[in-house]
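Data block for my_file.pdb (PDB, C-alpha atoms and all ligand atoms):
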```pdb
ATOM      1  CA  MET A   4      10.865   8.277  13.411
ATOM      2  CA  ILE A   5       7.994   5.880  12.899
ATOM      3  CA  ASN A   6       7.533   3.994   9.636
ATOM      4  CA  ILE A   7       4.349   2.030   9.227
ATOM      5  CA  VAL A   8       3.459  -0.296   6.384
ATOM      6  CA  LEU A   9      -0.303  -0.548   5.863
ATOM      7  CA  PHE A  10      -1.008  -3.953   4.453
ATOM      8  CA  GLY A  11      -4.111  -5.528   2.974
ATOM      9  CA  LYS A  12      -5.791  -6.893  -0.100
ATOM     10  CA  PRO A  13      -7.185  -4.600  -2.791
ATOM     11  CA  GLY A  14     -10.218  -2.828  -1.361
ATOM     12  CA  ALA A  15      -9.230  -3.432   2.268
ATOM     13  CA  GLY A  16      -9.425   0.286   3.058
ATOM     14  CA  LYS A  17      -5.747   1.212   3.286
ATOM     15  CA  GLY A  18      -6.161   4.552   1.529
ATOM     16  CA  THR A  19      -9.238   5.515   3.534
ATOM     17  CA  GLN A  20      -7.538   4.778   6.852
ATOM     18  CA  ALA A  21      -4.269   6.404   5.808
ATOM     19  CA  GLU A  22      -6.084   9.733   5.404
ATOM     20  CA  PHE A  23      -7.004   9.675   9.102
ATOM     21  CA  LEU A  24      -3.791   8.188  10.435
ATOM     22  CA  LYS A  25      -1.503  10.629   8.652
ATOM     23  CA  GLU A  26      -3.263  13.545  10.399
ATOM     24  CA  LYS A  27      -3.376  11.855  13.766
ATOM     25  CA  TYR A  28       0.289  10.829  13.831
ATOM     26  CA  ASN A  29       1.727  13.522  11.587
ATOM     27  CA  LEU A  30       3.091  11.085   9.011
ATOM     28  CA  ILE A  31       3.732  11.431   5.296
ATOM     29  CA  HIS A  32       1.324   9.161   3.416
ATOM     30  CA  LEU A  33       2.954   7.479   0.426
ATOM     31  CA  SER A  34       0.469   5.529  -1.688
ATOM     32  CA  THR A  35       2.140   3.927  -4.691
ATOM     33  CA  GLY A  36      -1.291   3.480  -6.321
ATOM     34  CA  ASP A  37      -2.045   7.212  -5.916
ATOM     35  CA  ILE A  38       1.386   8.200  -7.216
ATOM     36  CA  PHE A  39       0.957   5.992 -10.276
ATOM     37  CA  ARG A  40      -2.548   7.371 -10.911
ATOM     38  CA  PHE A  41      -1.272  10.953 -10.588
ATOM     39  CA  ASN A  42       1.423  10.179 -13.165
ATOM     40  CA  MET A  43      -1.042   8.499 -15.518
ATOM     41  CA  LYS A  44      -3.410  11.460 -15.282
ATOM     42  CA  ASN A  45      -0.582  13.847 -16.138
ATOM     43  CA  ASP A  46       0.698  11.530 -18.859
ATOM     44  CA  THR A  47       4.284  11.528 -17.569
ATOM     45  CA  ALA A  48       6.894   9.013 -18.752
ATOM     46  CA  LEU A  49       6.371   7.056 -15.520
ATOM     47  CA  GLY A  50       2.594   7.136 -16.025
ATOM     48  CA  LYS A  51       2.923   5.830 -19.584
ATOM     49  CA  GLU A  52       5.212   3.045 -18.421
ATOM     50  CA  ALA A  53       2.884   1.938 -15.612
ATOM     51  CA  LYS A  54      -0.497   2.263 -17.349
ATOM     52  CA  GLY A  55      -0.580  -1.046 -19.232
ATOM     53  CA  TYR A  56       0.188  -3.032 -16.106
ATOM     54  CA  ILE A  57      -2.200  -1.137 -13.849
ATOM     55  CA  ASP A  58      -5.163  -1.217 -16.221
ATOM     56  CA  ASN A  59      -4.798  -5.005 -16.462
ATOM     57  CA  GLY A  60      -4.553  -5.489 -12.704
ATOM     58  CA  GLU A  61      -0.895  -6.562 -12.882
ATOM     59  CA  LEU A  62       1.872  -5.260 -10.665
ATOM     60  CA  VAL A  63       4.213  -2.660 -12.124
ATOM     61  CA  PRO A  64       7.792  -4.053 -12.316
ATOM     62  CA  ASP A  65       9.775  -3.800  -9.073
ATOM     63  CA  SER A  66      12.573  -1.720 -10.587
ATOM     64  CA  VAL A  67      10.143   1.049 -11.563
ATOM     65  CA  THR A  68       8.195   0.986  -8.308
ATOM     66  CA  ILE A  69      11.206   0.865  -5.989
ATOM     67  CA  LYS A  70      12.881   3.824  -7.684
ATOM     68  CA  MET A  71       9.673   5.852  -7.540
ATOM     69  CA  LEU A  72       9.154   5.117  -3.838
ATOM     70  CA  GLN A  73      12.728   6.050  -2.955
ATOM     71  CA  ASP A  74      12.383   9.350  -4.809
ATOM     72  CA  GLU A  75       9.237  10.161  -2.809
ATOM     73  CA  VAL A  76      10.962   9.417   0.506
ATOM     74  CA  GLU A  77      13.926  11.591  -0.500
ATOM     75  CA  LYS A  78      11.525  14.494  -1.141
ATOM     76  CA  ASN A  79      10.269  14.280   2.455
ATOM     77  CA  MET A  80      13.410  13.836   4.502
ATOM     78  CA  ASP A  81      12.273  16.203   7.248
ATOM     79  CA  SER A  82       9.164  14.154   8.052
ATOM     80  CA  LYS A  83       8.434  12.519  11.413
ATOM     81  CA  GLY A  84       7.733   9.250   9.684
ATOM     82  CA  PHE A  85       6.011   7.556   6.793
ATOM     83  CA  LEU A  86       2.844   5.625   6.219
ATOM     84  CA  PHE A  87       3.512   3.266   3.326
ATOM     85  CA  ASP A  88       0.303   2.292   1.541
ATOM     86  CA  GLY A  89       0.546  -0.263  -1.268
ATOM     87  CA  PHE A  90       4.282  -0.717  -0.826
ATOM     88  CA  PRO A  91       6.004  -3.096  -0.429
ATOM     89  CA  ARG A  92       3.916  -5.533  -2.452
ATOM     90  CA  THR A  93       6.633  -8.105  -3.247
ATOM     91  CA  ILE A  94       9.523  -9.653  -1.323
ATOM     92  CA  PRO A  95      12.122  -7.840  -3.485
ATOM     93  CA  GLN A  96      10.338  -4.551  -2.701
ATOM     94  CA  ALA A  97      10.397  -5.360   1.020
ATOM     95  CA  ASN A  98      14.112  -6.123   0.909
ATOM     96  CA  ALA A  99      14.754  -2.942  -1.062
ATOM     97  CA  LEU A 100      12.781  -0.931   1.496
ATOM     98  CA  ASP A 101      14.754  -2.393   4.411
ATOM     99  CA  GLU A 102      18.065  -1.668   2.696
ATOM    100  CA  PHE A 103      17.020   1.827   1.685
ATOM    101  CA  LEU A 104      15.763   2.765   5.165
ATOM    102  CA  LYS A 105      18.967   1.392   6.645
ATOM    103  CA  THR A 106      20.979   3.906   4.612
ATOM    104  CA  LYS A 107      19.066   6.593   6.557
ATOM    105  CA  ASN A 108      19.448   4.792   9.895
ATOM    106  CA  TRP A 109      15.700   4.119   9.855
ATOM    107  CA  GLU A 110      13.685   0.936   9.734
ATOM    108  CA  VAL A 111      10.140  -0.334   9.284
ATOM    109  CA  THR A 112       8.598   0.084  12.730
ATOM    110  CA  ALA A 113       5.582  -2.152  12.102
ATOM    111  CA  THR A 114       3.315  -3.588   9.449
ATOM    112  CA  ILE A 115      -0.413  -3.490  10.116
ATOM    113  CA  ALA A 116      -2.790  -5.548   8.008
ATOM    114  CA  LEU A 117      -6.449  -4.730   7.446
ATOM    115  CA  GLU A 118      -8.232  -8.043   7.190
ATOM    116  CA  ALA A 119     -11.504  -8.697   5.403
ATOM    117  CA  ASP A 120     -13.236 -11.442   3.515
ATOM    118  CA  ASP A 121     -12.679 -11.558  -0.277
ATOM    119  CA  ASN A 122     -16.403 -11.396  -1.085
ATOM    120  CA  VAL A 123     -16.813  -8.173   0.878
ATOM    121  CA  LEU A 124     -13.747  -6.689  -0.780
ATOM    122  CA  VAL A 125     -14.776  -7.434  -4.345
ATOM    123  CA  GLU A 126     -18.176  -5.835  -3.674
ATOM    124  CA  ARG A 127     -16.450  -2.733  -2.292
ATOM    125  CA  ILE A 128     -14.189  -2.447  -5.339
ATOM    126  CA  LEU A 129     -17.046  -2.772  -7.830
ATOM    127  CA  GLU A 130     -18.957  -0.134  -5.874
ATOM    128  CA  ARG A 131     -15.911   2.173  -5.907
ATOM    129  CA  GLY A 132     -15.528   1.513  -9.651
ATOM    130  CA  LYS A 133     -18.884   3.187 -10.317
ATOM    131  CA  THR A 134     -17.432   6.553  -9.284
ATOM    132  CA  SER A 135     -13.623   6.247  -9.151
ATOM    133  CA  GLY A 136     -13.118   6.094 -12.908
ATOM    134  CA  ARG A 137     -10.451   3.447 -12.247
ATOM    135  CA  VAL A 138     -10.350   0.997 -15.144
ATOM    136  CA  ASP A 139      -8.992  -1.685 -12.810
ATOM    137  CA  ASP A 140     -12.041  -1.318 -10.520
ATOM    138  CA  GLN A 141     -14.679  -1.922 -13.164
ATOM    139  CA  ASP A 142     -14.019  -5.344 -14.571
ATOM    140  CA  ALA A 143     -14.414  -8.589 -12.622
ATOM    141  CA  GLU A 144     -11.562 -10.262 -14.476
ATOM    142  CA  LYS A 145      -9.106  -7.446 -13.734
ATOM    143  CA  ILE A 146     -10.118  -7.506 -10.107
ATOM    144  CA  ARG A 147      -9.562 -11.273 -10.042
ATOM    145  CA  ASN A 148      -6.127 -10.674 -11.540
ATOM    146  CA  ARG A 149      -5.266  -8.265  -8.721
ATOM    147  CA  TYR A 150      -6.219 -10.935  -6.183
ATOM    148  CA  GLU A 151      -4.055 -13.488  -7.957
ATOM    149  CA  GLU A 152      -1.148 -11.058  -7.901
ATOM    150  CA  TYR A 153      -1.811 -10.463  -4.209
ATOM    151  CA  ASN A 154      -1.937 -14.161  -3.311
ATOM    152  CA  GLU A 155       1.144 -15.016  -5.311
ATOM    153  CA  LYS A 156       3.415 -12.025  -4.688
ATOM    154  CA  THR A 157       2.135  -9.982  -1.749
ATOM    155  CA  ALA A 158       0.777 -12.546   0.749
ATOM    156  CA  PRO A 159       4.324 -13.926   1.415
ATOM    157  CA  LEU A 160       5.145 -10.568   3.012
ATOM    158  CA  MET A 161       3.099 -11.565   6.061
ATOM    159  CA  ASP A 162       5.683 -14.207   6.944
ATOM    160  CA  PHE A 163       8.497 -11.843   6.014
ATOM    161  CA  TYR A 164       7.345  -9.327   8.653
ATOM    162  CA  ARG A 165       6.254 -11.986  11.153
ATOM    163  CA  ALA A 166       9.804 -13.311  11.126
ATOM    164  CA  GLN A 167      10.928  -9.825  12.186
ATOM    165  CA  ASN A 168       8.199  -9.597  14.853
ATOM    166  CA  LYS A 169       6.719  -6.640  13.028
ATOM    167  CA  PHE A 170       3.393  -8.007  11.826
ATOM    168  CA  HIS A 171       0.066  -6.922  13.331
ATOM    169  CA  ALA A 172      -3.444  -7.532  12.017
ATOM    170  CA  VAL A 173      -6.730  -5.789  12.699
ATOM    171  CA  ASN A 174     -10.282  -6.565  11.663
ATOM    172  CA  GLY A 175     -11.064  -4.418   8.604
ATOM    173  CA  ILE A 176     -14.842  -4.830   8.837
ATOM    174  CA  GLY A 177     -16.743  -2.113  10.693
ATOM    175  CA  SER A 178     -17.262   1.630  10.491
ATOM    176  CA  ILE A 179     -14.373   3.780   9.266
ATOM    177  CA  ALA A 180     -14.031   5.312  12.739
ATOM    178  CA  GLU A 181     -14.005   1.910  14.459
ATOM    179  CA  ILE A 182     -11.251   0.685  12.193
ATOM    180  CA  THR A 183      -9.198   3.854  12.750
ATOM    181  CA  GLU A 184      -9.508   3.120  16.492
ATOM    182  CA  ARG A 185      -8.269  -0.445  16.020
ATOM    183  CA  LEU A 186      -5.277   0.733  14.003
ATOM    184  CA  SER A 187      -4.527   3.484  16.508
ATOM    185  CA  ALA A 188      -4.574   0.953  19.354
ATOM    186  CA  VAL A 189      -1.731  -0.888  17.611
ATOM    187  CA  ILE A 190       0.223   2.256  16.711
ATOM    188  CA  ASP A 191      -0.004   3.535  20.280
ATOM    189  CA  THR A 192       1.875   0.455  21.512
ATOM    190  CA  LEU A 193       4.816   0.981  19.127
TER     191      LEU A 193
HETATM  192  N1  LIG X   1       4.116  -1.642  -4.803
HETATM  193  C1  LIG X   1       3.620  -1.822  -6.034
HETATM  194  N2  LIG X   1       4.269  -2.643  -6.907
HETATM  195  C2  LIG X   1       3.800  -2.839  -8.131
HETATM  196  N3  LIG X   1       2.680  -2.279  -8.603
HETATM  197  C3  LIG X   1       1.988  -1.470  -7.787
HETATM  198  C4  LIG X   1       2.435  -1.179  -6.461
HETATM  199  N4  LIG X   1       1.561  -0.321  -5.885
HETATM  200  C5  LIG X   1       0.598  -0.084  -6.791
HETATM  201  N5  LIG X   1       0.856  -0.761  -7.943
HETATM  202  C6  LIG X   1       0.015  -0.767  -9.166
HETATM  203  O1  LIG X   1      -1.067   0.145  -9.003
HETATM  204  C7  LIG X   1      -2.339  -0.541  -8.964
HETATM  205  C8  LIG X   1      -3.292   0.149  -7.998
HETATM  206  O2  LIG X   1      -2.704   0.226  -6.709
HETATM  207  P1  LIG X   1      -3.613   0.515  -5.411
HETATM  208  O3  LIG X   1      -4.434   1.717  -5.611
HETATM  209  O4  LIG X   1      -2.722   0.447  -4.214
HETATM  210  O5  LIG X   1      -4.539  -0.762  -5.511
HETATM  211  P2  LIG X   1      -5.581  -1.507  -4.654
HETATM  212  O6  LIG X   1      -6.783  -0.640  -4.471
HETATM  213  O7  LIG X   1      -5.836  -2.652  -5.577
HETATM  214  O8  LIG X   1      -4.929  -1.909  -3.379
HETATM  215  C9  LIG X   1      -1.964  -1.990  -8.615
HETATM  216  O9  LIG X   1      -2.927  -2.914  -9.047
HETATM  217  C10 LIG X   1      -0.622  -2.131  -9.363
HETATM  218  O10 LIG X   1      -0.810  -2.311 -10.746
END
```
Render the structure in this file as C-alpha cells.
Amino acid sequence: MINIVLFGKPGAGKGTQAEFLKEKYNLIHLSTGDIFRFNMKNDTALGKEAKGYIDNGELVPDSVTIKMLQDEVEKNMDSKGFLFDGFPRTIPQANALDEFLKTKNWEVTATIALEADDNVLVERILERGKTSGRVDDQDAEKIRNRYEEYNEKTAPLMDFYRAQNKFHAVNGIGSIAEITERLSAVIDTL
C-alpha cells in the first residue's frame, strides 16, 4: 500500500502529473477538485453545496470535503494505493486523513510538493481559464483569493508533514516529462 499526497499551489501541475503517476504506479487518483467539478456539472446536492465556495476561490468546508474523500476511498478498497491530489488542504483535513487511514491500518507514505514561482502559476491558471471553462480560473481576484486560502490554510501542512519526516519537494518548472521523472525519483525511494 502506498499513499501519496501531491502538494502544491493552484496551478502547480498536480492534476497533470497525477495522470502519469497513476498509470506508472497503478494508484487510484483522487482529485477533490475534479470530484467537486463532476458533482457541480451533474448538479448533485454535493455540487450545489460546493459551488458558491469554489466559484469564489474559497475552500469548501472541511466537514463536506472530508466526508466526500472518505466515501471515495471506501469505493476503492481493493486498490494498491492512492494518489491524493488537492487533499488535504487544511490541518483538520490532514488530521482526519491520518485518523481515517489508521482505521484501515494504512498511512500517508509521503507528501510530494511541486514548487513553482507565483508569477508563473498565475499565468498558467489564466491560460487554462481560456479553455477550461472554470469560473475560478478566469478572474484575477478569485485566483488571488485561492492563493490567500493556500497561504493561510494549506501552507502550514508543509510543517505538519515535515514533522513526520514525510515531506519532499521537487522543482515544478520544466517539461511535463521532466517533472514526472523528478516525482518518480522520489517515489522510487519510498
Ligand atoms: N481539500 C479541499 N478542501 C476544500 N476545498 C477544496 C478542496 N479541494 C478542492 N477544493 C475546492 O475546489 C476548488 C478547485 O480545486 P482544484 O482543482 O484542486 O484547484 P487548484 O487548481 O486551484 O489547485 C478549490 O479552490 C476549492 O474551492
Problem set entry | Residues matched by the PyMOL selection byres (((not hetatm)) within 8 of (chain X and resi 1)) as a PyMOL selection string | chain A and resi 11-15+17-18+34-37+39-40+53+56-65+68-69+88-93+96+128+139+146+149
Seminar exercise, completed: For Ile31 in chain A, the closest of A:Ile5, A:Met43, A:Leu124, A:Leu193 counting all atoms listed in the file is A:Ile5
Each residue of range 115-136 of chain A with at least one atom at most 8 Å from range 166-182 of chain A should appear once, together with its nearest atom pair and the corresponding distance in Å (one decimal); atoms considered: only C-alpha atoms; ordering: chain, then increasing residue number; output as JSON lines.
```
{"residue": "A:Ile115", "atom": "CA", "partner": "A:His171", "partner_atom": "CA", "distance": 4.7}
{"residue": "A:Ala116", "atom": "CA", "partner": "A:Ala172", "partner_atom": "CA", "distance": 4.5}
{"residue": "A:Leu117", "atom": "CA", "partner": "A:Gly175", "partner_atom": "CA", "distance": 4.8}
{"residue": "A:Glu118", "atom": "CA", "partner": "A:Gly175", "partner_atom": "CA", "distance": 4.8}
{"residue": "A:Ala119", "atom": "CA", "partner": "A:Gly175", "partner_atom": "CA", "distance": 5.4}
```
Exercise. For the atom pair CA of Asn42 in chain A and CA of Lys54 in chain A, what is the interatomic distance in Å to one decimal place?
Worked result: 9.2 Å
For this session: Give as a list in words the residues that the PyMOL selection byres (((chain A and resi 102-110) around 10) and not hetatm) matches when applied to the coordinates above.
Result: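 The output of the PyMOL selection byres (((chain A and resi 102-110) around 10) and not hetatm) on this file is Met4, Ile5, Asn6, Ile7, Ile69, Gln73, Val76, Met80, Gly84, Gln96, Ala97, Asn98, Ala99, Leu100, Asp101, Val111, Thr112 and Ala113 of chain A.
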For this session: Figure out the distance between CA of Glu130 in chain A and CA of Lys44 in chain A, please, to one decimal in Å.
Result: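 Atom-to-atom, CA of Lys44 in chain A to CA of Glu130 in chain A, that is 21.6 Å.
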